[in-house]
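Containing compact mmCIF, N, CA and C atoms and all ligand atoms: start-v3.txt.
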```txt
# COMPACT_ATOMS: atom_id res chain seq x y z
N MET A 976 200.20 49.99 128.41
CA MET A 976 199.07 49.13 128.72
C MET A 976 199.09 47.96 127.77
N VAL A 977 198.75 46.79 128.26
CA VAL A 977 198.74 45.58 127.45
C VAL A 977 197.33 45.01 127.47
N ILE A 978 196.78 44.78 126.28
CA ILE A 978 195.43 44.20 126.17
C ILE A 978 195.55 42.92 125.35
N ARG A 979 195.04 41.86 125.91
CA ARG A 979 195.10 40.57 125.22
C ARG A 979 193.71 40.21 124.70
N ARG A 980 193.66 39.79 123.46
CA ARG A 980 192.42 39.31 122.84
C ARG A 980 192.75 37.97 122.19
N GLY A 981 192.40 36.87 122.84
CA GLY A 981 192.74 35.57 122.31
C GLY A 981 194.25 35.41 122.22
N HIS A 982 194.75 35.15 121.02
CA HIS A 982 196.19 34.99 120.83
C HIS A 982 196.87 36.31 120.45
N GLU A 983 196.09 37.38 120.34
CA GLU A 983 196.67 38.67 119.96
C GLU A 983 196.89 39.53 121.19
N VAL A 984 197.97 40.33 121.13
CA VAL A 984 198.30 41.24 122.21
C VAL A 984 198.48 42.63 121.61
N PHE A 985 197.88 43.63 122.25
CA PHE A 985 197.97 45.02 121.80
C PHE A 985 198.60 45.84 122.92
N VAL A 986 199.65 46.57 122.59
CA VAL A 986 200.39 47.31 123.61
C VAL A 986 200.50 48.77 123.20
N TYR A 987 200.10 49.65 124.10
CA TYR A 987 200.15 51.09 123.85
C TYR A 987 200.74 51.81 125.05
N VAL A 988 201.34 52.97 124.78
CA VAL A 988 201.78 53.84 125.86
C VAL A 988 200.53 54.32 126.60
N ASN A 989 200.57 54.28 127.91
CA ASN A 989 199.42 54.68 128.72
C ASN A 989 199.37 56.20 128.84
N ALA A 990 199.03 56.85 127.73
CA ALA A 990 198.93 58.31 127.71
C ALA A 990 197.85 58.70 126.71
N CYS A 991 196.89 59.48 127.16
CA CYS A 991 195.82 59.92 126.27
C CYS A 991 196.35 60.99 125.31
N PRO A 992 196.07 60.88 124.01
CA PRO A 992 196.53 61.90 123.07
C PRO A 992 195.94 63.28 123.36
N HIS A 993 194.87 63.33 124.12
CA HIS A 993 194.20 64.60 124.42
C HIS A 993 195.05 65.48 125.33
N THR A 994 195.50 64.93 126.46
CA THR A 994 196.28 65.74 127.41
C THR A 994 197.58 65.08 127.83
N GLY A 995 197.76 63.83 127.45
CA GLY A 995 198.94 63.09 127.89
C GLY A 995 198.77 62.40 129.22
N MET A 996 197.60 62.56 129.83
CA MET A 996 197.35 61.90 131.12
C MET A 996 197.24 60.40 130.94
N PRO A 997 197.55 59.62 132.00
CA PRO A 997 197.29 58.18 131.93
C PRO A 997 195.81 57.93 131.66
N LEU A 998 195.54 56.88 130.91
CA LEU A 998 194.15 56.56 130.56
C LEU A 998 193.37 56.03 131.75
N ASP A 999 194.08 55.39 132.68
CA ASP A 999 193.38 54.73 133.80
C ASP A 999 193.41 55.60 135.06
N PHE A 1000 192.71 56.72 135.02
CA PHE A 1000 192.53 57.53 136.23
C PHE A 1000 192.00 56.63 137.35
N LYS A 1001 191.16 55.67 136.96
CA LYS A 1001 190.76 54.60 137.88
C LYS A 1001 191.76 53.47 137.64
N PRO A 1002 192.70 53.23 138.55
CA PRO A 1002 193.82 52.31 138.28
C PRO A 1002 193.40 50.96 137.70
N GLY A 1003 194.03 50.60 136.59
CA GLY A 1003 193.81 49.31 135.97
C GLY A 1003 192.55 49.20 135.14
N ARG A 1004 191.77 50.28 135.04
CA ARG A 1004 190.52 50.25 134.24
C ARG A 1004 190.80 50.92 132.90
N PHE A 1005 190.87 50.11 131.85
CA PHE A 1005 191.22 50.64 130.54
C PHE A 1005 190.11 50.48 129.52
N LEU A 1006 189.12 49.66 129.79
CA LEU A 1006 188.14 49.31 128.76
C LEU A 1006 186.75 49.82 129.10
N THR A 1007 185.93 49.97 128.03
CA THR A 1007 184.52 50.27 128.23
C THR A 1007 183.86 49.09 128.94
N ALA A 1008 182.66 49.32 129.46
CA ALA A 1008 181.97 48.29 130.24
C ALA A 1008 181.79 46.99 129.46
N ASP A 1009 181.60 47.11 128.15
CA ASP A 1009 181.42 45.90 127.34
C ASP A 1009 182.75 45.31 126.85
N GLY A 1010 183.86 45.97 127.16
CA GLY A 1010 185.18 45.46 126.80
C GLY A 1010 185.54 45.62 125.34
N ALA A 1011 184.72 46.35 124.59
CA ALA A 1011 184.93 46.46 123.14
C ALA A 1011 185.94 47.54 122.76
N LEU A 1012 186.11 48.54 123.61
CA LEU A 1012 186.98 49.68 123.28
C LEU A 1012 187.82 50.05 124.49
N ILE A 1013 188.94 50.71 124.21
CA ILE A 1013 189.73 51.33 125.27
C ILE A 1013 189.07 52.66 125.59
N GLN A 1014 188.98 53.02 126.87
CA GLN A 1014 188.35 54.29 127.23
C GLN A 1014 189.22 55.06 128.21
N CYS A 1015 189.44 56.32 127.91
CA CYS A 1015 190.14 57.19 128.85
C CYS A 1015 189.17 57.55 129.96
N SER A 1016 189.57 57.30 131.18
CA SER A 1016 188.63 57.53 132.30
C SER A 1016 188.60 58.98 132.73
N THR A 1017 189.43 59.84 132.15
CA THR A 1017 189.41 61.26 132.54
C THR A 1017 188.30 62.01 131.81
N HIS A 1018 188.32 61.99 130.48
CA HIS A 1018 187.29 62.71 129.72
C HIS A 1018 186.54 61.81 128.75
N GLY A 1019 186.75 60.51 128.81
CA GLY A 1019 185.90 59.57 128.10
C GLY A 1019 186.24 59.24 126.67
N ALA A 1020 187.38 59.67 126.14
CA ALA A 1020 187.72 59.30 124.76
C ALA A 1020 187.73 57.78 124.62
N LYS A 1021 187.29 57.30 123.44
CA LYS A 1021 187.24 55.86 123.19
C LYS A 1021 188.11 55.52 122.00
N PHE A 1022 188.84 54.41 122.12
CA PHE A 1022 189.83 54.00 121.12
C PHE A 1022 189.58 52.55 120.72
N ARG A 1023 189.81 52.25 119.43
CA ARG A 1023 189.75 50.86 118.99
C ARG A 1023 190.92 50.10 119.58
N ILE A 1024 190.68 48.87 119.99
CA ILE A 1024 191.75 48.06 120.56
C ILE A 1024 192.76 47.68 119.49
N LYS A 1025 192.30 47.35 118.29
CA LYS A 1025 193.20 46.79 117.27
C LYS A 1025 194.25 47.76 116.77
N ASP A 1026 193.97 49.08 116.78
CA ASP A 1026 194.95 50.02 116.26
C ASP A 1026 195.08 51.31 117.08
N GLY A 1027 194.33 51.41 118.18
CA GLY A 1027 194.45 52.57 119.06
C GLY A 1027 193.83 53.85 118.52
N PHE A 1028 193.08 53.74 117.42
CA PHE A 1028 192.47 54.93 116.81
C PHE A 1028 191.31 55.45 117.66
N CYS A 1029 191.30 56.75 117.89
CA CYS A 1029 190.25 57.35 118.72
C CYS A 1029 188.98 57.56 117.88
N VAL A 1030 187.91 56.90 118.28
CA VAL A 1030 186.65 56.97 117.52
C VAL A 1030 185.67 57.98 118.09
N SER A 1031 185.88 58.41 119.35
CA SER A 1031 185.02 59.45 119.90
C SER A 1031 185.71 60.11 121.08
N GLY A 1032 185.31 61.35 121.33
CA GLY A 1032 185.89 62.10 122.45
C GLY A 1032 186.74 63.26 121.96
N PRO A 1033 187.36 63.96 122.89
CA PRO A 1033 188.07 65.19 122.55
C PRO A 1033 189.28 65.00 121.63
N CYS A 1034 189.80 63.79 121.51
CA CYS A 1034 190.95 63.56 120.62
C CYS A 1034 190.55 62.68 119.43
N GLN A 1035 189.28 62.74 119.04
CA GLN A 1035 188.79 61.94 117.91
C GLN A 1035 189.67 62.16 116.69
N GLY A 1036 190.09 61.04 116.08
CA GLY A 1036 190.96 61.08 114.91
C GLY A 1036 192.43 60.89 115.24
N ASP A 1037 192.80 61.11 116.51
CA ASP A 1037 194.18 60.83 116.95
C ASP A 1037 194.28 59.35 117.30
N SER A 1038 195.47 58.91 117.66
CA SER A 1038 195.68 57.50 118.02
C SER A 1038 196.57 57.38 119.23
N LEU A 1039 196.40 56.30 119.95
CA LEU A 1039 197.33 55.94 121.02
C LEU A 1039 198.67 55.59 120.38
N LYS A 1040 199.75 55.77 121.14
CA LYS A 1040 201.08 55.44 120.63
C LYS A 1040 201.35 53.96 120.85
N PRO A 1041 201.55 53.21 119.76
CA PRO A 1041 201.81 51.77 119.92
C PRO A 1041 203.22 51.52 120.44
N VAL A 1042 203.40 50.39 121.11
CA VAL A 1042 204.70 49.95 121.60
C VAL A 1042 205.07 48.69 120.84
N LYS A 1043 206.27 48.66 120.26
CA LYS A 1043 206.71 47.48 119.52
C LYS A 1043 206.99 46.34 120.48
N THR A 1044 206.48 45.18 120.14
CA THR A 1044 206.65 44.01 120.99
C THR A 1044 206.93 42.78 120.14
N GLU A 1045 207.33 41.75 120.81
CA GLU A 1045 207.56 40.47 120.14
C GLU A 1045 207.21 39.37 121.13
N ILE A 1046 206.55 38.33 120.64
CA ILE A 1046 206.25 37.18 121.50
C ILE A 1046 207.20 36.06 121.12
N ARG A 1047 208.01 35.62 122.09
CA ARG A 1047 208.95 34.52 121.89
C ARG A 1047 208.77 33.52 123.01
N ASP A 1048 208.59 32.28 122.65
CA ASP A 1048 208.46 31.19 123.63
C ASP A 1048 207.38 31.52 124.67
N GLY A 1049 206.29 32.14 124.22
CA GLY A 1049 205.18 32.41 125.11
C GLY A 1049 205.38 33.61 126.01
N HIS A 1050 206.45 34.39 125.80
CA HIS A 1050 206.70 35.58 126.61
C HIS A 1050 206.62 36.82 125.73
N LEU A 1051 206.11 37.88 126.30
CA LEU A 1051 205.98 39.16 125.59
C LEU A 1051 207.20 40.01 125.91
N TYR A 1052 207.88 40.48 124.87
CA TYR A 1052 209.04 41.34 125.05
C TYR A 1052 208.78 42.70 124.41
N LEU A 1053 209.15 43.75 125.13
CA LEU A 1053 209.09 45.09 124.57
C LEU A 1053 210.36 45.30 123.77
N LEU A 1054 210.24 45.86 122.57
CA LEU A 1054 211.42 46.06 121.70
C LEU A 1054 211.92 47.49 121.79
S1 LIG B 1101 192.52 63.17 128.99
FE1 LIG B 1101 191.76 61.46 127.89
S2 LIG B 1101 189.97 62.17 126.92
FE2 LIG B 1101 190.79 63.89 127.92
```

As a first step, turn the structure in this file into structure tokens.
Ligand code: FES
Amino acid sequence: MVIRRGHEVFVYVNACPHTGMPLDFKPGRFLTADGALIQCSTHGAKFRIKDGFCVSGPCQGDSLKPVKTEIRDGHLYLL
């Protein structure tokens, strides 16, 4: 999953640390209603966008797996 905030881009594997299920049981829906956190739509775990840390839910204290990326000439590349 790729989340853009201004000039910053955050990329994580789309798998909840709780069960490994994709976070977007509702396709393409990754964020809370206010857009402040990533939310797993299966059991509701919430994660900080900046580092993928789970702040509430069944996997509290775990983190999403980050994906290494690089931005070159305005394009995002997975490393
Ligand atoms: S599968 Fe994501 S919170 Fe349970």

Contact residues around Leu1039 of chain A with only C-alpha atoms at 12 Å, ignoring same-chain residues under 5 positions, as number ranges by chain:
A: 976, 985-998, 1013-1015, 1020-1030, 1034

Residue nearest ligand LIG 1101 (chain B) - candidates A:Ser1016, A:Leu1053, A:Gly1036, A:Thr1044, atoms counted: only N, CA and C atoms and all ligand atoms
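Smallest distance to ligand LIG 1101 (chain B) is found for A:Ser1016.
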
Take atom C of Gly1032 of chain A and atom CA of Thr1007 of chain A and report the distance between them in Å, one decimal.
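These two atoms are separated by 14.6 Å.
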
What separation in Å, quoted to one decimal, exists between atom N of Ile1046 of chain A and atom C of Asp1009 of chain A?
25.6 Å

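One finds atom FE1 of ligand LIG 1101 (chain B) at 9.1 Å from atom CA of Asp999 of chain A.
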
Using all atoms listed in the file, which of the listed residues (A:Lys1040, A:Leu1012, A:Glu983, A:His1018) sits closest to ligand LIG 1101 (chain B)?
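Counting all atoms listed in the file, the residue closest to ligand LIG 1101 (chain B) is A:His1018.
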
Nearest to ligand LIG 1101 (chain B) by atom-to-atom distance, counting only N, CA and C atoms and all ligand atoms, from A:Gly1019, A:Pro1041, A:Gly981, A:Gly1003
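Among the listed residues, the smallest separation from ligand LIG 1101 (chain B) belongs to A:Gly1019.
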
For Leu1054 of chain A, list every protein, DNA or RNA residue within 8 Å, evaluated using all atoms listed in the file, and leave out those in the same chain fewer than 4 positions away; present the list as a ChimeraX atom specification.
/A:1042-1045
